[in-house]
>>> print(open('input04.cif').read())   # mmCIF, C-alpha atoms
data_target
loop_
_atom_site.group_PDB
_atom_site.id
_atom_site.type_symbol
_atom_site.label_atom_id
_atom_site.label_comp_id
_atom_site.auth_asym_id
_atom_site.auth_seq_id
_atom_site.Cartn_x
_atom_site.Cartn_y
_atom_site.Cartn_z
ATOM 1 C CA MET A 1 6.928 -31.293 -17.458
ATOM 2 C CA ASN A 2 10.197 -31.816 -19.261
ATOM 3 C CA SER A 3 10.755 -28.901 -21.580
ATOM 4 C CA LEU A 4 13.202 -30.983 -23.596
ATOM 5 C CA ASN A 5 10.283 -33.063 -24.823
ATOM 6 C CA ALA A 6 9.572 -32.027 -28.377
ATOM 7 C CA HIS A 7 5.887 -31.902 -27.600
ATOM 8 C CA PRO A 8 3.874 -29.448 -29.681
ATOM 9 C CA HIS A 9 1.732 -28.418 -26.675
ATOM 10 C CA SER A 10 4.684 -27.617 -24.461
ATOM 11 C CA ALA A 11 6.070 -25.009 -26.854
ATOM 12 C CA ALA A 12 4.595 -22.103 -24.851
ATOM 13 C CA ALA A 13 5.565 -23.599 -21.499
ATOM 14 C CA ALA A 14 9.132 -24.132 -22.673
ATOM 15 C CA THR A 15 9.677 -20.379 -23.007
ATOM 16 C CA GLU A 16 8.945 -20.085 -19.291
ATOM 17 C CA THR A 17 12.100 -20.897 -17.357
ATOM 18 C CA PRO A 18 12.231 -20.736 -13.545
ATOM 19 C CA ALA A 19 14.349 -17.597 -13.901
ATOM 20 C CA SER A 20 11.855 -15.843 -16.164
ATOM 21 C CA ARG A 21 9.035 -16.844 -13.805
ATOM 22 C CA ALA A 22 10.929 -15.411 -10.845
ATOM 23 C CA LEU A 23 11.589 -12.202 -12.765
ATOM 24 C CA ALA A 24 7.919 -11.834 -13.770
ATOM 25 C CA ILE A 25 6.750 -12.469 -10.193
ATOM 26 C CA THR A 26 9.273 -9.984 -8.781
ATOM 27 C CA PHE A 27 8.323 -7.232 -11.237
ATOM 28 C CA ALA A 28 4.595 -7.777 -10.630
ATOM 29 C CA ALA A 29 5.096 -7.634 -6.863
ATOM 30 C CA LEU A 30 7.257 -4.497 -7.129
ATOM 31 C CA LEU A 31 4.591 -2.819 -9.248
ATOM 32 C CA GLY A 32 2.033 -3.782 -6.587
ATOM 33 C CA VAL A 33 4.179 -2.277 -3.825
ATOM 34 C CA PHE A 34 4.592 0.899 -5.902
ATOM 35 C CA VAL A 35 0.835 1.270 -6.494
ATOM 36 C CA ILE A 36 -0.073 0.590 -2.842
ATOM 37 C CA GLY A 37 2.690 2.947 -1.740
ATOM 38 C CA GLY A 38 1.233 5.729 -3.872
ATOM 39 C CA VAL A 39 -2.366 5.249 -2.772
ATOM 40 C CA GLY A 40 -1.826 4.398 0.862
ATOM 41 C CA PHE A 41 1.553 5.633 2.067
ATOM 42 C CA SER A 42 2.730 8.601 0.000
ATOM 43 C CA HIS A 43 3.374 11.751 2.042
ATOM 44 C CA ILE A 44 2.623 14.015 -0.938
ATOM 45 C CA ALA A 45 -0.290 16.186 0.212
ATOM 46 C CA ALA A 46 -2.241 15.942 -3.058
ATOM 47 C CA ALA A 47 -1.929 12.132 -3.117
ATOM 48 C CA HIS A 48 -3.054 12.017 0.506
ATOM 49 C CA ASN A 49 -6.047 14.260 -0.133
ATOM 50 C CA ALA A 50 -7.136 12.420 -3.283
ATOM 51 C CA ALA A 51 -7.084 9.031 -1.565
ATOM 52 C CA HIS A 52 -8.093 10.394 1.854
ATOM 53 C CA ASP A 53 -11.272 8.386 2.380
ATOM 54 C CA VAL A 54 -9.750 5.220 0.922
ATOM 55 C CA ARG A 55 -6.807 5.516 3.312
ATOM 56 C CA HIS A 56 -9.176 5.787 6.258
ATOM 57 C CA VAL A 57 -11.448 2.899 5.268
ATOM 58 C CA ASN A 58 -8.493 0.599 4.563
ATOM 59 C CA ALA A 59 -6.849 1.590 7.852
ATOM 60 C CA PHE A 60 -3.676 2.773 6.149
ATOM 61 C CA PRO A 61 -1.861 4.894 8.750
ATOM 62 C CA CYS A 62 -3.104 8.401 8.042
ATOM 63 C CA HIS A 63 -3.040 11.883 9.599
ATOM 64 C CA MET B 64 7.283 -12.223 -20.223
ATOM 65 C CA SER B 65 3.937 -13.905 -20.730
ATOM 66 C CA LEU B 66 3.636 -14.692 -17.019
ATOM 67 C CA PHE B 67 4.066 -11.010 -16.184
ATOM 68 C CA ARG B 68 1.322 -10.183 -18.674
ATOM 69 C CA THR B 69 -0.947 -12.808 -17.121
ATOM 70 C CA ILE B 70 -0.388 -11.501 -13.576
ATOM 71 C CA LEU B 71 -0.950 -7.929 -14.758
ATOM 72 C CA LEU B 72 -4.150 -8.821 -16.588
ATOM 73 C CA VAL B 73 -5.622 -10.919 -13.760
ATOM 74 C CA ALA B 74 -4.812 -8.209 -11.192
ATOM 75 C CA LEU B 75 -6.178 -5.480 -13.464
ATOM 76 C CA VAL B 76 -9.536 -7.125 -14.211
ATOM 77 C CA ALA B 77 -10.036 -8.441 -10.662
ATOM 78 C CA GLY B 78 -8.825 -5.100 -9.292
ATOM 79 C CA ILE B 79 -11.215 -2.973 -11.349
ATOM 80 C CA ALA B 80 -14.210 -5.151 -10.427
ATOM 81 C CA THR B 81 -13.242 -5.354 -6.733
ATOM 82 C CA GLY B 82 -12.358 -1.664 -6.574
ATOM 83 C CA VAL B 83 -15.653 -0.529 -8.077
ATOM 84 C CA ALA B 84 -17.709 -2.907 -5.921
ATOM 85 C CA SER B 85 -15.918 -2.061 -2.669
ATOM 86 C CA ALA B 86 -16.039 1.685 -3.398
ATOM 87 C CA ALA B 87 -19.801 1.418 -3.932
ATOM 88 C CA VAL B 88 -20.202 -0.310 -0.558
ATOM 89 C CA HIS B 89 -17.835 2.143 1.161
ATOM 90 C CA LEU B 90 -19.693 5.174 -0.186
ATOM 91 C CA PHE B 91 -22.848 3.961 1.567
ATOM 92 C CA THR B 92 -21.282 2.615 4.768
ATOM 93 C CA THR B 93 -17.917 3.953 5.907
ATOM 94 C CA VAL B 94 -17.638 7.249 3.996
ATOM 95 C CA PRO B 95 -20.738 8.801 5.649
ATOM 96 C CA LEU B 96 -19.091 8.011 9.017
ATOM 97 C CA ILE B 97 -15.911 9.822 7.897
ATOM 98 C CA LEU B 98 -17.975 12.850 6.866
ATOM 99 C CA LYS B 99 -19.717 12.788 10.240
ATOM 100 C CA ALA B 100 -16.366 12.579 12.027
ATOM 101 C CA GLU B 101 -15.094 15.582 10.084
ATOM 102 C CA THR B 102 -17.763 17.735 11.703
ATOM 103 C CA PHE B 103 -15.901 17.069 14.971
ATOM 104 C CA GLU B 104 -12.613 18.426 13.636
ATOM 105 C CA GLY B 105 -14.075 21.864 13.035
ATOM 106 C CA GLY B 106 -14.580 21.284 9.307
ATOM 107 C CA GLU B 107 -10.881 21.707 8.547
ATOM 108 C CA ALA B 108 -11.203 19.273 5.647
ATOM 109 C CA ALA B 109 -14.060 21.127 4.005
ATOM 110 C CA PRO B 110 -12.588 22.908 0.971
ATOM 111 C CA ALA B 111 -15.610 25.223 0.858
ATOM 112 C CA ALA B 112 -14.384 26.745 4.087
ATOM 113 C CA GLU B 113 -11.034 27.707 2.601
ATOM 114 C CA ALA B 114 -11.573 31.375 3.436
ATOM 115 C CA GLN B 115 -11.808 30.370 7.053
ATOM 116 C CA ALA B 116 -8.982 27.889 6.779
ATOM 117 C CA ASP B 117 -6.802 29.807 9.183
ATOM 118 C CA ALA B 118 -9.467 29.952 11.832
ATOM 119 C CA HIS B 119 -10.112 26.263 11.370
ATOM 120 C CA VAL B 120 -6.507 25.252 11.700
ATOM 121 C CA HIS B 121 -6.319 27.225 14.925
ATOM 122 C CA ALA B 122 -9.556 25.767 16.243
ATOM 123 C CA SER B 123 -8.453 22.279 15.393
ATOM 124 C CA THR B 124 -5.029 22.804 16.913
ATOM 125 C CA GLU B 125 -6.772 23.750 20.125
ATOM 126 C CA ALA B 126 -8.997 20.706 19.852
ATOM 127 C CA HIS B 127 -5.907 18.557 19.487
ATOM 128 C CA SER B 128 -3.881 20.299 22.137
ATOM 129 C CA HIS B 129 -4.683 17.673 24.747
ATOM 130 C CA ALA B 130 -3.448 14.933 22.441
ATOM 131 C CA ALA B 131 0.137 13.839 21.940
ATOM 132 C CA GLY B 132 2.456 16.432 20.479
ATOM 133 C CA ALA B 133 3.365 14.015 17.732
ATOM 134 C CA ALA B 134 -0.284 13.735 16.781
ATOM 135 C CA ASP B 135 -0.262 17.344 15.720
ATOM 136 C CA ASP B 136 2.119 16.770 12.835
ATOM 137 C CA HIS B 137 -0.758 16.308 10.467
ATOM 138 C CA HIS B 138 -2.998 19.137 9.543
ATOM 139 C CA HIS B 139 -4.509 19.476 6.158
ATOM 140 C CA ASP B 140 -2.318 21.980 4.431
ATOM 141 C CA PRO B 141 -4.781 24.638 3.291
ATOM 142 C CA GLU B 142 -2.493 25.347 0.299
ATOM 143 C CA ALA B 143 -2.509 21.756 -0.975
ATOM 144 C CA TRP B 144 -4.916 20.600 -3.649
ATOM 145 C CA SER B 145 -7.785 18.490 -2.463
ATOM 146 C CA PRO B 146 -10.903 17.263 -4.288
ATOM 147 C CA ALA B 147 -14.110 19.234 -3.798
ATOM 148 C CA ASP B 148 -16.634 17.594 -1.491
ATOM 149 C CA GLY B 149 -19.360 15.604 -3.141
ATOM 150 C CA PHE B 150 -18.979 14.123 -6.618
ATOM 151 C CA GLU B 151 -15.304 14.955 -7.120
ATOM 152 C CA ARG B 152 -14.256 13.558 -3.751
ATOM 153 C CA ASN B 153 -16.288 10.381 -4.292
ATOM 154 C CA ALA B 154 -14.910 9.969 -7.806
ATOM 155 C CA PHE B 155 -11.397 10.009 -6.352
ATOM 156 C CA THR B 156 -12.517 7.458 -3.788
ATOM 157 C CA VAL B 157 -13.604 5.148 -6.614
ATOM 158 C CA VAL B 158 -10.304 5.656 -8.484
ATOM 159 C CA ALA B 159 -8.222 5.141 -5.337
ATOM 160 C CA SER B 160 -10.263 2.024 -4.527
ATOM 161 C CA ILE B 161 -9.534 0.569 -7.961
ATOM 162 C CA LEU B 162 -5.823 1.351 -7.575
ATOM 163 C CA THR B 163 -5.807 -0.226 -4.101
ATOM 164 C CA ALA B 164 -7.469 -3.379 -5.422
ATOM 165 C CA PHE B 165 -5.121 -3.470 -8.431
ATOM 166 C CA GLY B 166 -2.053 -3.076 -6.177
ATOM 167 C CA PHE B 167 -3.154 -5.705 -3.681
ATOM 168 C CA GLY B 168 -4.218 -7.884 -6.619
ATOM 169 C CA LEU B 169 -0.685 -7.728 -8.033
ATOM 170 C CA LEU B 170 0.752 -8.781 -4.657
ATOM 171 C CA LEU B 171 -1.838 -11.538 -4.251
ATOM 172 C CA VAL B 172 -1.464 -12.992 -7.752
ATOM 173 C CA ALA B 173 2.349 -12.683 -7.630
ATOM 174 C CA ALA B 174 2.383 -14.626 -4.352
ATOM 175 C CA THR B 175 0.137 -17.358 -5.768
ATOM 176 C CA GLU B 176 2.447 -17.735 -8.773
ATOM 177 C CA LEU B 177 5.190 -18.802 -6.356
ATOM 178 C CA LYS B 178 2.990 -21.849 -5.779
ATOM 179 C CA GLY B 179 2.260 -22.417 -9.467
ATOM 180 C CA GLY B 180 -0.727 -20.122 -9.964
ATOM 181 C CA LEU B 181 -4.393 -20.199 -8.954
ATOM 182 C CA SER B 182 -6.529 -22.969 -10.402
ATOM 183 C CA GLY B 183 -10.007 -21.747 -9.504
ATOM 184 C CA TRP B 184 -12.123 -19.344 -7.468
ATOM 185 C CA ARG B 185 -12.184 -21.503 -4.335
ATOM 186 C CA GLU B 186 -8.403 -21.515 -4.077
ATOM 187 C CA GLY B 187 -8.489 -17.786 -4.818
ATOM 188 C CA VAL B 188 -10.856 -17.151 -1.901
ATOM 189 C CA LEU B 189 -8.458 -18.944 0.477
ATOM 190 C CA TRP B 190 -5.606 -16.705 -0.699
ATOM 191 C CA GLY B 191 -7.943 -13.745 -0.346
ATOM 192 C CA LEU B 192 -8.584 -14.699 3.281
ATOM 193 C CA ALA B 193 -4.827 -14.793 3.807
ATOM 194 C CA GLY B 194 -4.641 -11.296 2.302
ATOM 195 C CA PHE B 195 -7.388 -10.191 4.705
ATOM 196 C CA ALA B 196 -5.356 -11.551 7.633
ATOM 197 C CA VAL B 197 -2.114 -9.982 6.384
ATOM 198 C CA PHE B 198 -3.367 -6.537 5.368
ATOM 199 C CA THR B 199 -6.464 -5.950 7.522
ATOM 200 C CA LEU B 200 -6.602 -8.127 10.636
ATOM 201 C CA ALA B 201 -2.962 -8.092 11.728
ATOM 202 C CA PRO B 202 -2.199 -4.365 11.219
ATOM 203 C CA GLY B 203 -5.706 -3.481 12.437
ATOM 204 C CA LEU B 204 -5.131 -5.235 15.746
ATOM 205 C CA GLY B 205 -2.553 -2.656 16.796
ATOM 206 C CA LEU B 206 -3.713 0.207 14.593
ATOM 207 C CA PRO B 207 -7.497 -0.069 14.210
ATOM 208 C CA PRO B 208 -9.177 1.916 11.425
ATOM 209 C CA GLU B 209 -9.290 5.553 12.495
ATOM 210 C CA LEU B 210 -11.550 8.463 11.823
ATOM 211 C CA PRO B 211 -10.323 11.988 11.104
ATOM 212 C CA ALA B 212 -9.614 14.065 14.228
ATOM 213 C CA MET B 213 -8.577 11.025 16.260
ATOM 214 C CA PRO B 214 -5.269 11.235 18.123
ATOM 215 C CA ALA B 215 -2.490 9.080 16.688
ATOM 216 C CA ALA B 216 1.225 8.512 17.139
ATOM 217 C CA ASP B 217 3.912 9.684 14.708
ATOM 218 C CA LEU B 218 2.864 8.873 11.122
ATOM 219 C CA MET B 219 6.219 7.423 10.026
ATOM 220 C CA ALA B 220 6.381 5.115 13.068
ATOM 221 C CA ARG B 221 2.866 3.842 12.398
ATOM 222 C CA GLN B 222 3.572 3.275 8.702
ATOM 223 C CA LEU B 223 6.709 1.289 9.578
ATOM 224 C CA TRP B 224 4.830 -0.828 12.130
ATOM 225 C CA TRP B 225 2.001 -1.410 9.636
ATOM 226 C CA ILE B 226 4.361 -2.579 6.880
ATOM 227 C CA GLY B 227 6.441 -4.673 9.284
ATOM 228 C CA THR B 228 3.333 -6.331 10.684
ATOM 229 C CA ALA B 229 1.919 -7.148 7.240
ATOM 230 C CA LEU B 230 5.292 -8.579 6.183
ATOM 231 C CA ALA B 231 5.690 -10.638 9.370
ATOM 232 C CA THR B 232 2.142 -11.989 9.072
ATOM 233 C CA ALA B 233 2.696 -13.010 5.436
ATOM 234 C CA VAL B 234 5.980 -14.760 6.262
ATOM 235 C CA GLY B 235 4.435 -16.388 9.345
ATOM 236 C CA LEU B 236 1.427 -17.687 7.416
ATOM 237 C CA ALA B 237 3.719 -19.093 4.706
ATOM 238 C CA LEU B 238 5.779 -20.875 7.380
ATOM 239 C CA LEU B 239 2.588 -22.246 8.957
ATOM 240 C CA VAL B 240 1.058 -23.474 5.722
ATOM 241 C CA TYR B 241 4.120 -24.475 3.696
ATOM 242 C CA GLY B 242 6.718 -25.156 6.383
ATOM 243 C CA ARG B 243 7.086 -28.907 6.489
ATOM 244 C CA SER B 244 7.813 -29.340 10.166
ATOM 245 C CA PRO B 245 6.103 -28.510 13.470
ATOM 246 C CA LEU B 246 9.171 -26.448 14.314
ATOM 247 C CA LEU B 247 8.656 -24.201 11.274
ATOM 248 C CA ALA B 248 4.952 -23.946 12.137
ATOM 249 C CA ALA B 249 5.871 -22.838 15.660
ATOM 250 C CA LEU B 250 8.293 -20.302 14.202
ATOM 251 C CA GLY B 251 5.463 -19.059 11.973
ATOM 252 C CA VAL B 252 3.233 -18.482 15.010
ATOM 253 C CA LEU B 253 6.043 -16.596 16.716
ATOM 254 C CA VAL B 254 6.714 -14.392 13.673
ATOM 255 C CA ILE B 255 2.992 -13.538 13.437
ATOM 256 C CA LEU B 256 2.843 -12.639 17.148
ATOM 257 C CA ALA B 257 6.116 -10.694 17.251
ATOM 258 C CA PRO B 258 4.797 -7.295 16.014
ATOM 259 C CA HIS B 259 2.045 -7.452 18.638
ATOM 260 C CA LEU B 260 4.559 -8.230 21.379
ATOM 261 C CA ILE B 261 6.538 -5.189 20.222
ATOM 262 C CA GLY B 262 3.303 -3.197 20.090
ATOM 263 C CA ALA B 263 2.020 -0.578 17.672
ATOM 264 C CA PRO B 264 3.022 3.071 18.190
ATOM 265 C CA GLN B 265 0.310 4.673 20.317
ATOM 266 C CA PRO B 266 -0.477 8.329 21.031
ATOM 267 C CA ASP B 267 0.293 9.667 24.509
ATOM 268 C CA SER B 268 -3.402 10.107 25.083
ATOM 269 C CA HIS B 269 -6.422 8.473 23.503
ATOM 270 C CA ASP B 270 -8.680 11.411 24.390
ATOM 271 C CA SER B 271 -10.637 12.045 21.219
ATOM 272 C CA PRO B 272 -13.345 14.435 20.111
ATOM 273 C CA ILE B 273 -14.918 11.520 18.201
ATOM 274 C CA PRO B 274 -17.715 9.699 20.074
ATOM 275 C CA GLU B 275 -16.759 6.121 20.910
ATOM 276 C CA ALA B 276 -19.926 4.732 19.303
ATOM 277 C CA LEU B 277 -19.125 6.449 15.989
ATOM 278 C CA HIS B 278 -15.589 5.043 15.975
ATOM 279 C CA HIS B 279 -16.859 1.554 16.854
ATOM 280 C CA SER B 280 -19.338 1.599 13.961
ATOM 281 C CA PHE B 281 -16.521 2.702 11.662
ATOM 282 C CA VAL B 282 -14.165 -0.083 12.765
ATOM 283 C CA VAL B 283 -16.846 -2.745 12.270
ATOM 284 C CA ALA B 284 -17.924 -1.391 8.871
ATOM 285 C CA SER B 285 -14.386 -0.921 7.588
ATOM 286 C CA VAL B 286 -13.197 -4.414 8.610
ATOM 287 C CA ALA B 287 -16.393 -5.984 7.232
ATOM 288 C CA VAL B 288 -16.001 -4.245 3.845
ATOM 289 C CA SER B 289 -12.320 -5.248 3.793
ATOM 290 C CA PHE B 290 -13.427 -8.845 4.245
ATOM 291 C CA LEU B 291 -15.727 -8.487 1.222
ATOM 292 C CA PHE B 292 -12.893 -6.814 -0.691
ATOM 293 C CA TRP B 293 -10.477 -9.704 -0.099
ATOM 294 C CA VAL B 294 -12.964 -12.503 -0.757
ATOM 295 C CA LEU B 295 -13.926 -10.783 -4.004
ATOM 296 C CA LEU B 296 -10.339 -9.995 -5.054
ATOM 297 C CA GLY B 297 -9.164 -13.539 -4.281
ATOM 298 C CA GLY B 298 -12.196 -15.270 -5.773
ATOM 299 C CA LEU B 299 -12.099 -13.231 -8.982
ATOM 300 C CA SER B 300 -8.342 -13.692 -9.356
ATOM 301 C CA GLY B 301 -8.742 -17.442 -8.926
ATOM 302 C CA TRP B 302 -11.556 -17.557 -11.448
ATOM 303 C CA LEU B 303 -9.687 -15.406 -13.977
ATOM 304 C CA ARG B 304 -6.219 -16.964 -13.709
ATOM 305 C CA PRO B 305 -6.833 -20.218 -15.634
ATOM 306 C CA ARG B 306 -8.859 -18.333 -18.274
ATOM 307 C CA LEU B 307 -6.486 -15.422 -18.879
ATOM 308 C CA GLY B 308 -3.395 -17.583 -18.347
ATOM 309 C CA ALA B 309 -4.446 -19.887 -21.180
ATOM 310 C CA ALA B 310 -5.187 -16.910 -23.427
ATOM 311 C CA ALA B 311 -1.842 -15.200 -22.748
ATOM 312 C CA ALA B 312 0.298 -18.337 -23.206
#
>>> encode(input="input04.cif", output="structure tokens")
Amino acid sequence: MNSLNAHPHSAAAATETPASRALAITFAALLGVFVIGGVGFSHIAAAHNAAHDVRHVNAFPCH
Amino acid sequence: MSLFRTILLVALVAGIATGVASAAVHLFTTVPLILKAETFEGGEAAPAAEAQADAHVHASTEAHSHAAGAADDHHHDPEAWSPADGFERNAFTVVASILTAFGFGLLLVAATELKGGLSGWREGVLWGLAGFAVFTLAPGLGLPPELPAMPAADLMARQLWWIGTALATAVGLALLVYGRSPLLAALGVLVILAPHLIGAPQPDSHDSPIPEALHHSFVVASVAVSFLFWVLLGGLSGWLRPRLGAAAA
């Protein structure tokens, strides 16, 4: 896939550089870590209590 | 940022479906075992017994007194908010399940994008099995699923070991599958084994008020539902990716 090709179908793909892909992947992964951290690892008592059963069944270290 | 939108959308849809489905299975399999186990910790987690909270904390401290000192660092703070037993508690279980599936979905789909993105459900299932190995099997080997009232080592130490083990297993699997030499494959095996050679933090004593049979049933049920979770999350992500990717582009 050469983005220099003036191909009408590659217009969308051309906006996606390796750097922008890497950035998108990094942000998505960071968001995933943040969400899992909140549900499974947060030491805040209310977060622990709300997700208590889910922490146990997913074997997140708990208690 | 269309790739970010695609990852987000795939993880969100697959996560909601997987979270709802796995919560439904959990509510009929593992959650009843947790509730049963709580009767062995003197009902300290029952919000209805708040008036007796003090008595319960004392009773449960006595019950734990034979366990490791570090294991006593966790006691439900009677002051802290916690959902009421029954509908409210189960509703939070469903929400937390969806969030768990969404979070793991983001990690799964992000990882697959490093290899160009999923092309179908079959490929997704394979990645899901890798997720099962990374986030259930490997950490569960040293730190099996636990029921309330079971003795455990220091929470921080266990969380660190859990995260380190998941990370090492992911890196090791990548080396095994994508490393282009037997040497890298061997290194992958070593990286996967390393956390288990180090060993998970264990309590000083495994004496537990929970009957062994109850814990065994819980471990089997929880790992089995996790397997379902990962096959579903991977399969759905793989099925959705080409469809939503085309729409977002």
>>> resolve_selection(input="input04.cif", expression="the PyMOL selection byres ((chain B and resi 74) around 10)", output="PyMOL selection string")
(chain A and resi 28+32) or (chain B and resi 68-73+75-81+164-173+296-297+299-300+303-304)
>>> residues_around(input="input04.cif", residues="Ala22 of chain A", least_positions_apart="6", cutoff="10 Å", atoms="all atoms listed in the file", output="list in words")
Glu16 and Ala28 of chain A; Leu66, Phe67, Ala173, Glu176 and Leu177 of chain B
>>> write_last_selection(input="input04.cif", atoms="C-alpha atoms", output="PDB file, keeping the file's coordinate frame")
ATOM      1  CA  GLU A  16       8.945 -20.085 -19.291  1.00  0.00           C
ATOM      2  CA  ALA A  28       4.595  -7.777 -10.630  1.00  0.00           C
TER       3      ALA A  28
ATOM      4  CA  LEU B  66       3.636 -14.692 -17.019  1.00  0.00           C
ATOM      5  CA  PHE B  67       4.066 -11.010 -16.184  1.00  0.00           C
ATOM      6  CA  ALA B 173       2.349 -12.683  -7.630  1.00  0.00           C
ATOM      7  CA  GLU B 176       2.447 -17.735  -8.773  1.00  0.00           C
ATOM      8  CA  LEU B 177       5.190 -18.802  -6.356  1.00  0.00           C
TER       9      LEU B 177
END
>>> atom_distance(input="input04.cif", atom1="atom CA of Ala257 of chain B", atom2="atom CA of Ala196 of chain B")
15.0 Å
>>> residues_around(input="input04.cif", residues="segment 34-47 of chain A", least_positions_apart="2", cutoff="6 Å", atoms="all atoms listed in the file", output="VMD selection string")
(chain A and resid 31 to 32 49 to 50 55 60) or (chain B and resid 144 163 166)
>>> resolve_selection(input="input04.cif", expression="the PyMOL selection byres ((chain B and resi 97) around 12)", output="PyMOL selection string")
(chain A and resi 52-57) or (chain B and resi 89-96+98-104+106+108+208-213+273+277-278+280-282+284-285)
>>> resolve_selection(input="input04.cif", expression="the PyMOL selection byres ((chain B and resi 156) around 8)", output="ChimeraX atom specification")
/A:50-54 /B:86,152-155,157-160
>>> atom_distance(input="input04.cif", atom1="atom CA of Gln265 of chain B", atom2="atom CA of Ala216 of chain B")
5.1 Å
>>> atom_distance(input="input04.cif", atom1="atom CA of Ala24 of chain A", atom2="atom CA of Ser65 of chain B")
8.3 Å
>>> closest_residue(input="input04.cif", among="B:Leu260, B:Val88, B:Leu206, B:Val83", to="chain A", atoms="all atoms listed in the file")
B:Leu206
>>> closest_residue(input="input04.cif", among="B:Gly82, B:Val252, B:Ile226, B:Arg221", to="Leu238 of chain B", atoms="all atoms listed in the file")
B:Val252
>>> closest_residue(input="input04.cif", among="B:Gly301, B:Gly194, B:Gly203, B:Pro258", to="Pro61 of chain A", atoms="all atoms listed in the file")
B:Gly203
>>> closest_residue(input="input04.cif", among="B:Val234, B:Leu192, B:Ala147, B:Ala276", to="Phe292 of chain B", atoms="all atoms listed in the file")
B:Leu192
>>> closest_residue(input="input04.cif", among="B:Gly242, B:Gly262, B:Gly227, B:Pro272", to="Phe198 of chain B", atoms="all atoms listed in the file")
B:Gly227
>>> axis_aligned_box(input="input04.cif", around="segment 184-192 of chain B", padding_each_side="3 Å", output="lines of an AutoDock Vina configuration file")
center_x = -8.9
center_y = -17.6
center_z = -2.1
size_x = 12.6
size_y = 13.8
size_z = 16.7
>>> decode(input="input04.cif", residues="segment 190-205 of chain B", atoms="C-alpha atoms", output="PDB file, in the first residue's frame")
ATOM      1  CA  TRP B 190      -6.228 -13.799  20.533  1.00  0.00           C
ATOM      2  CA  GLY B 191      -8.906 -14.380  23.148  1.00  0.00           C
ATOM      3  CA  LEU B 192      -7.198 -17.627  24.158  1.00  0.00           C
ATOM      4  CA  ALA B 193      -3.957 -15.685  24.515  1.00  0.00           C
ATOM      5  CA  GLY B 194      -5.813 -13.219  26.752  1.00  0.00           C
ATOM      6  CA  PHE B 195      -7.103 -16.161  28.808  1.00  0.00           C
ATOM      7  CA  ALA B 196      -3.526 -17.417  29.230  1.00  0.00           C
ATOM      8  CA  VAL B 197      -2.187 -13.952  30.083  1.00  0.00           C
ATOM      9  CA  PHE B 198      -4.895 -12.736  32.462  1.00  0.00           C
ATOM     10  CA  THR B 199      -6.406 -15.919  33.929  1.00  0.00           C
ATOM     11  CA  LEU B 200      -4.144 -18.962  33.649  1.00  0.00           C
ATOM     12  CA  ALA B 201      -0.747 -17.433  34.402  1.00  0.00           C
ATOM     13  CA  PRO B 202      -1.717 -15.204  37.373  1.00  0.00           C
ATOM     14  CA  GLY B 203      -4.136 -17.889  38.597  1.00  0.00           C
ATOM     15  CA  LEU B 204      -1.363 -20.462  38.813  1.00  0.00           C
ATOM     16  CA  GLY B 205       0.293 -18.606  41.678  1.00  0.00           C
TER      17      GLY B 205
END
